[in-house]
Amino acid sequence: MTKHIDIQKAGAVIIRDRKFLVTRSIGKDFFIAPGGKLENNETPIEALARELLEEIQIEIDTSTVERLGTFYAEATGKDGLMLEMFVYKVDNFKGAPTASSEVEELRWINTQTSDISIGSIFEHDVMPLLEEMDLID
């Protein structure tokens, strides 16, 4: 049986000093990885490149991103809507991550970070995967 998907997003895992980058949009109280919704028949990697440039002002080399997986959950803050999240590890980029567009705040977090709320896919699926891969503490 196929899943009913309401929203498709691409998210980036950017790691520095064994912590990974999360963003909080203006007016939101939870953090998610940088990235966003697929638009107009974009591939997940095309959407990722566009969103990272818009949201955190970095340019990625799409040929070097590494797919970490596709995850499913109810969309945080959107009751009842199912989210399909394509997650990629991004190591090569130009620029320094800087809050832009609808992003109000950037944070570097790891599994010990407890003072913020994180979107469910990143809290329950991606962070444990990154810890298992020995990429974050």
# chains A, B, ... in the order shown; residues from 1 in each chain; ligands from 1
>>> closest_atom_pairs(of="region 2-74 of chain A", to="region 109-116 of chain A", cutoff="7 Å", atoms="only C-alpha atoms", output="Markdown table")
| residue | atom | partner | partner_atom | distance |
| --- | --- | --- | --- | --- |
| A:Lys19 | CA | A:Asn110 | CA | 4.9 |
| A:Phe20 | CA | A:Ile109 | CA | 5.4 |
| A:Leu21 | CA | A:Ile109 | CA | 6.5 |
| A:Phe30 | CA | A:Ile116 | CA | 6.9 |
>>> write_last_selection(atoms="N, CA and C atoms", output="mmCIF file, in the first residue's frame")
data_model
loop_
_atom_site.group_PDB
_atom_site.id
_atom_site.type_symbol
_atom_site.label_atom_id
_atom_site.label_comp_id
_atom_site.auth_asym_id
_atom_site.auth_seq_id
_atom_site.Cartn_x
_atom_site.Cartn_y
_atom_site.Cartn_z
ATOM 1 N N LYS A 19 28.403 18.721 15.443
ATOM 2 C CA LYS A 19 27.055 19.256 15.650
ATOM 3 C C LYS A 19 26.454 19.502 14.275
ATOM 4 N N PHE A 20 25.119 19.477 14.190
ATOM 5 C CA PHE A 20 24.524 19.777 12.893
ATOM 6 C C PHE A 20 23.615 20.988 12.966
ATOM 7 N N LEU A 21 23.468 21.631 11.812
ATOM 8 C CA LEU A 21 22.782 22.908 11.695
ATOM 9 C C LEU A 21 21.274 22.715 11.613
ATOM 10 N N PHE A 30 9.811 25.764 16.758
ATOM 11 C CA PHE A 30 10.592 24.537 16.617
ATOM 12 C C PHE A 30 11.637 24.721 15.512
#
>>> residues_around(residues="region 3-6 of chain A", least_positions_apart="2", cutoff="10 Å", atoms="only C-alpha atoms", output="tab-separated table (two decimals) with C-alpha atoms, in the first residue's frame")
chain	number	residue	atom	x	y	z
A	1	MET	CA	0.00	0.00	0.00
A	8	GLN	CA	7.40	16.73	0.07
A	72	TYR	CA	7.92	9.96	6.81
A	73	ALA	CA	6.02	11.64	9.66
A	74	GLU	CA	3.13	13.90	10.43
A	75	ALA	CA	4.30	17.41	9.54
A	80	GLY	CA	-2.87	15.45	10.05
A	81	LEU	CA	-0.69	16.25	7.03
A	82	MET	CA	1.86	13.60	6.06
A	83	LEU	CA	5.37	14.69	5.20
A	84	GLU	CA	7.89	12.90	3.01
>>> residues_around(residues="region 40-45 of chain A", least_positions_apart="4", cutoff="12 Å", atoms="only C-alpha atoms", output="ChimeraX atom specification")
/A:8-12,35-36,49-52,60-67,69-70,84-90
>>> write_last_selection(atoms="N, CA and C atoms", output="compact mmCIF listing (two decimals), in the first residue's frame")
# COMPACT_ATOMS: atom_id res chain seq x y z
N GLN A 8 6.07 17.30 0.34
CA GLN A 8 7.40 16.73 0.07
C GLN A 8 8.44 17.82 0.31
N LYS A 9 9.46 17.48 1.10
CA LYS A 9 10.52 18.44 1.41
C LYS A 9 11.87 17.77 1.24
N ALA A 10 12.87 18.61 1.04
CA ALA A 10 14.26 18.16 1.04
C ALA A 10 14.96 18.88 2.17
N GLY A 11 15.75 18.14 2.96
CA GLY A 11 16.45 18.72 4.08
C GLY A 11 17.93 18.43 4.02
N ALA A 12 18.73 19.37 4.50
CA ALA A 12 20.19 19.22 4.48
C ALA A 12 20.71 18.95 5.88
N GLY A 35 16.28 23.64 4.40
CA GLY A 35 15.71 23.00 3.22
C GLY A 35 14.28 23.47 3.07
N GLY A 36 13.50 22.75 2.27
CA GLY A 36 12.12 23.15 2.11
C GLY A 36 11.37 22.33 1.09
N ALA A 49 19.01 22.71 -3.26
CA ALA A 49 19.92 23.77 -3.68
C ALA A 49 19.24 25.14 -3.64
N ARG A 50 18.02 25.21 -4.16
CA ARG A 50 17.27 26.48 -4.17
C ARG A 50 17.00 26.96 -2.76
N GLU A 51 16.50 26.07 -1.90
CA GLU A 51 16.14 26.45 -0.54
C GLU A 51 17.36 26.86 0.29
N LEU A 52 18.48 26.16 0.14
CA LEU A 52 19.67 26.51 0.91
C LEU A 52 20.19 27.89 0.52
N ILE A 60 25.42 25.03 -2.95
CA ILE A 60 25.94 23.67 -2.83
C ILE A 60 26.34 23.11 -4.19
N ASP A 61 27.27 22.17 -4.14
CA ASP A 61 27.64 21.40 -5.32
C ASP A 61 26.73 20.17 -5.30
N THR A 62 25.70 20.16 -6.13
CA THR A 62 24.70 19.09 -6.06
C THR A 62 25.27 17.72 -6.39
N SER A 63 26.40 17.69 -7.09
CA SER A 63 26.99 16.39 -7.44
C SER A 63 27.66 15.72 -6.24
N THR A 64 27.84 16.46 -5.15
CA THR A 64 28.57 15.89 -4.01
C THR A 64 27.67 15.59 -2.80
N VAL A 65 26.37 15.90 -2.89
CA VAL A 65 25.50 15.61 -1.75
C VAL A 65 25.32 14.10 -1.61
N GLU A 66 25.18 13.65 -0.38
CA GLU A 66 25.04 12.22 -0.08
C GLU A 66 23.65 11.97 0.50
N ARG A 67 22.90 11.10 -0.13
CA ARG A 67 21.54 10.80 0.36
C ARG A 67 21.62 9.98 1.64
N GLY A 69 18.61 9.31 3.38
CA GLY A 69 17.38 8.53 3.44
C GLY A 69 16.16 9.36 3.17
N THR A 70 15.03 8.68 3.11
CA THR A 70 13.72 9.31 2.96
C THR A 70 12.91 8.91 4.18
N GLU A 84 6.82 13.76 3.52
CA GLU A 84 7.89 12.90 3.01
C GLU A 84 9.13 13.79 2.94
N MET A 85 10.20 13.42 3.66
CA MET A 85 11.40 14.23 3.76
C MET A 85 12.59 13.49 3.16
N PHE A 86 13.16 14.08 2.12
CA PHE A 86 14.38 13.55 1.50
C PHE A 86 15.54 14.24 2.20
N VAL A 87 16.42 13.46 2.84
CA VAL A 87 17.48 14.05 3.64
C VAL A 87 18.84 13.74 3.02
N TYR A 88 19.64 14.80 2.89
CA TYR A 88 20.95 14.71 2.26
C TYR A 88 22.02 15.32 3.16
N LYS A 89 23.18 14.69 3.18
CA LYS A 89 24.34 15.24 3.87
C LYS A 89 25.05 16.16 2.89
N VAL A 90 25.29 17.38 3.32
CA VAL A 90 25.92 18.40 2.48
C VAL A 90 27.25 18.78 3.11
>>> select_by_dssp(residues="chain A", states="strand (DSSP E)", output="ChimeraX atom specification")
/A:7-13,15-16,19-25,30-31,35-37,59-60,66-74,82-89,93-94,103-109,117-118
>>> write_last_selection(atoms="N, CA and C atoms", output="compact mmCIF listing (two decimals), in the first residue's frame")
# COMPACT_ATOMS: atom_id res chain seq x y z
N ILE A 7 2.93 16.64 1.75
CA ILE A 7 4.03 17.60 1.61
C ILE A 7 5.31 16.82 1.32
N GLN A 8 6.07 17.30 0.34
CA GLN A 8 7.40 16.73 0.07
C GLN A 8 8.44 17.82 0.31
N LYS A 9 9.46 17.48 1.10
CA LYS A 9 10.52 18.44 1.41
C LYS A 9 11.87 17.77 1.24
N ALA A 10 12.87 18.61 1.04
CA ALA A 10 14.26 18.16 1.04
C ALA A 10 14.96 18.88 2.17
N GLY A 11 15.75 18.14 2.96
CA GLY A 11 16.45 18.72 4.08
C GLY A 11 17.93 18.43 4.02
N ALA A 12 18.73 19.37 4.50
CA ALA A 12 20.19 19.22 4.48
C ALA A 12 20.71 18.95 5.88
N VAL A 13 21.63 18.01 5.95
CA VAL A 13 22.40 17.79 7.17
C VAL A 13 23.78 18.40 6.91
N ILE A 15 27.17 19.41 8.95
CA ILE A 15 27.81 19.10 10.22
C ILE A 15 29.09 19.91 10.37
N ARG A 16 29.28 20.45 11.59
CA ARG A 16 30.50 21.17 11.95
C ARG A 16 30.81 20.86 13.41
N LYS A 19 28.40 18.72 15.44
CA LYS A 19 27.05 19.26 15.65
C LYS A 19 26.45 19.50 14.27
N PHE A 20 25.12 19.48 14.19
CA PHE A 20 24.52 19.78 12.89
C PHE A 20 23.62 20.99 12.97
N LEU A 21 23.47 21.63 11.81
CA LEU A 21 22.78 22.91 11.70
C LEU A 21 21.27 22.72 11.61
N VAL A 22 20.54 23.49 12.42
CA VAL A 22 19.09 23.55 12.32
C VAL A 22 18.67 25.02 12.25
N THR A 23 17.47 25.24 11.70
CA THR A 23 16.96 26.59 11.52
C THR A 23 15.57 26.71 12.15
N ARG A 24 15.26 27.94 12.55
CA ARG A 24 13.90 28.24 13.04
C ARG A 24 13.35 29.37 12.21
N SER A 25 12.18 29.14 11.65
CA SER A 25 11.53 30.16 10.82
C SER A 25 10.85 31.20 11.70
N PHE A 30 9.81 25.76 16.76
CA PHE A 30 10.59 24.54 16.62
C PHE A 30 11.64 24.72 15.51
N PHE A 31 12.67 23.91 15.59
CA PHE A 31 13.78 23.96 14.64
C PHE A 31 13.71 22.75 13.71
N GLY A 35 16.28 23.64 4.40
CA GLY A 35 15.71 23.00 3.22
C GLY A 35 14.28 23.47 3.07
N GLY A 36 13.50 22.75 2.27
CA GLY A 36 12.12 23.15 2.11
C GLY A 36 11.37 22.33 1.09
N LYS A 37 10.19 22.84 0.75
CA LYS A 37 9.26 22.12 -0.11
C LYS A 37 9.73 22.05 -1.55
N GLU A 59 25.68 28.13 -1.39
CA GLU A 59 25.56 27.43 -2.68
C GLU A 59 26.17 26.05 -2.52
N ILE A 60 25.42 25.03 -2.95
CA ILE A 60 25.94 23.67 -2.83
C ILE A 60 26.34 23.11 -4.19
N GLU A 66 25.18 13.65 -0.38
CA GLU A 66 25.04 12.22 -0.08
C GLU A 66 23.65 11.97 0.50
N ARG A 67 22.90 11.10 -0.13
CA ARG A 67 21.54 10.80 0.36
C ARG A 67 21.62 9.98 1.64
N LEU A 68 20.98 10.47 2.69
CA LEU A 68 20.93 9.75 3.96
C LEU A 68 19.67 8.92 4.09
N GLY A 69 18.61 9.31 3.38
CA GLY A 69 17.38 8.53 3.44
C GLY A 69 16.16 9.36 3.17
N THR A 70 15.03 8.68 3.11
CA THR A 70 13.72 9.31 2.96
C THR A 70 12.91 8.91 4.18
N PHE A 71 12.32 9.90 4.84
CA PHE A 71 11.64 9.67 6.11
C PHE A 71 10.21 10.20 6.03
N TYR A 72 9.34 9.62 6.83
CA TYR A 72 7.92 9.96 6.81
C TYR A 72 7.44 10.26 8.22
N ALA A 73 6.61 11.30 8.36
CA ALA A 73 6.02 11.64 9.66
C ALA A 73 4.90 12.63 9.42
N GLU A 74 4.10 12.82 10.47
CA GLU A 74 3.13 13.90 10.43
C GLU A 74 3.92 15.20 10.47
N MET A 82 0.70 14.50 6.10
CA MET A 82 1.86 13.60 6.06
C MET A 82 2.98 14.21 5.23
N LEU A 83 4.17 14.13 5.80
CA LEU A 83 5.37 14.69 5.20
C LEU A 83 6.30 13.59 4.74
N GLU A 84 6.82 13.76 3.52
CA GLU A 84 7.89 12.90 3.01
C GLU A 84 9.13 13.79 2.94
N MET A 85 10.20 13.42 3.66
CA MET A 85 11.40 14.23 3.76
C MET A 85 12.59 13.49 3.16
N PHE A 86 13.16 14.08 2.12
CA PHE A 86 14.38 13.55 1.50
C PHE A 86 15.54 14.24 2.20
N VAL A 87 16.42 13.46 2.84
CA VAL A 87 17.48 14.05 3.64
C VAL A 87 18.84 13.74 3.02
N TYR A 88 19.64 14.80 2.89
CA TYR A 88 20.95 14.71 2.26
C TYR A 88 22.02 15.32 3.16
N LYS A 89 23.18 14.69 3.18
CA LYS A 89 24.34 15.24 3.87
C LYS A 89 25.05 16.16 2.89
N PHE A 93 30.07 23.37 0.18
CA PHE A 93 29.23 24.53 -0.14
C PHE A 93 30.08 25.79 -0.11
N LYS A 94 29.55 26.83 -0.78
CA LYS A 94 30.20 28.14 -0.79
C LYS A 94 29.37 29.08 0.06
N VAL A 103 13.96 32.49 7.58
CA VAL A 103 14.72 31.93 8.70
C VAL A 103 15.12 33.04 9.66
N GLU A 104 14.76 32.84 10.94
CA GLU A 104 15.07 33.83 11.97
C GLU A 104 16.30 33.46 12.78
N GLU A 105 16.55 32.16 12.95
CA GLU A 105 17.63 31.75 13.84
C GLU A 105 18.28 30.45 13.36
N LEU A 106 19.60 30.38 13.50
CA LEU A 106 20.37 29.17 13.22
C LEU A 106 20.96 28.67 14.53
N ARG A 107 21.02 27.34 14.68
CA ARG A 107 21.67 26.73 15.86
C ARG A 107 22.44 25.50 15.41
N TRP A 108 23.58 25.26 16.05
CA TRP A 108 24.35 24.02 15.86
C TRP A 108 24.04 23.15 17.05
N ILE A 109 23.49 21.94 16.82
CA ILE A 109 23.03 21.10 17.93
C ILE A 109 23.61 19.69 17.83
N SER A 117 12.99 22.82 20.70
CA SER A 117 12.14 21.78 20.10
C SER A 117 12.60 21.55 18.66
N ILE A 118 12.65 20.28 18.28
CA ILE A 118 13.12 19.90 16.95
C ILE A 118 12.01 19.16 16.23
>>> closest_residue(among="A:Asp125, A:Leu135, A:Gly119, A:Ile14", to="Lys28 (chain A)", atoms="only C-alpha atoms")
A:Gly119
>>> atom_distance(atom1="CA of Ile26 (chain A)", atom2="CA of Ala99 (chain A)")
10.3 Å
>>> atom_distance(atom1="CA of Glu123 (chain A)", atom2="CA of Glu39 (chain A)")
25.1 Å
>>> select_by_dssp(residues="region 40-120 of chain A", states="alpha helix (DSSP H)", output="PDB file with C-alpha atoms, in the first residue's frame")
ATOM      1  CA  PRO A  44      14.666  16.846  -4.196  1.00  0.00           C
ATOM      2  CA  ILE A  45      18.256  17.945  -4.892  1.00  0.00           C
ATOM      3  CA  GLU A  46      17.109  20.892  -7.044  1.00  0.00           C
ATOM      4  CA  ALA A  47      14.753  21.979  -4.257  1.00  0.00           C
ATOM      5  CA  LEU A  48      17.523  21.578  -1.702  1.00  0.00           C
ATOM      6  CA  ALA A  49      19.924  23.773  -3.683  1.00  0.00           C
ATOM      7  CA  ARG A  50      17.273  26.481  -4.172  1.00  0.00           C
ATOM      8  CA  GLU A  51      16.141  26.451  -0.541  1.00  0.00           C
ATOM      9  CA  LEU A  52      19.674  26.512   0.913  1.00  0.00           C
ATOM     10  CA  LEU A  53      20.508  29.556  -1.189  1.00  0.00           C
ATOM     11  CA  GLU A  54      17.242  31.301  -0.165  1.00  0.00           C
ATOM     12  CA  GLU A  55      17.249  30.344   3.530  1.00  0.00           C
ATOM     13  CA  ILE A  56      20.882  30.277   4.637  1.00  0.00           C
ATOM     14  CA  SER A 120       9.932  15.028  14.611  1.00  0.00           C
TER      15      SER A 120
END
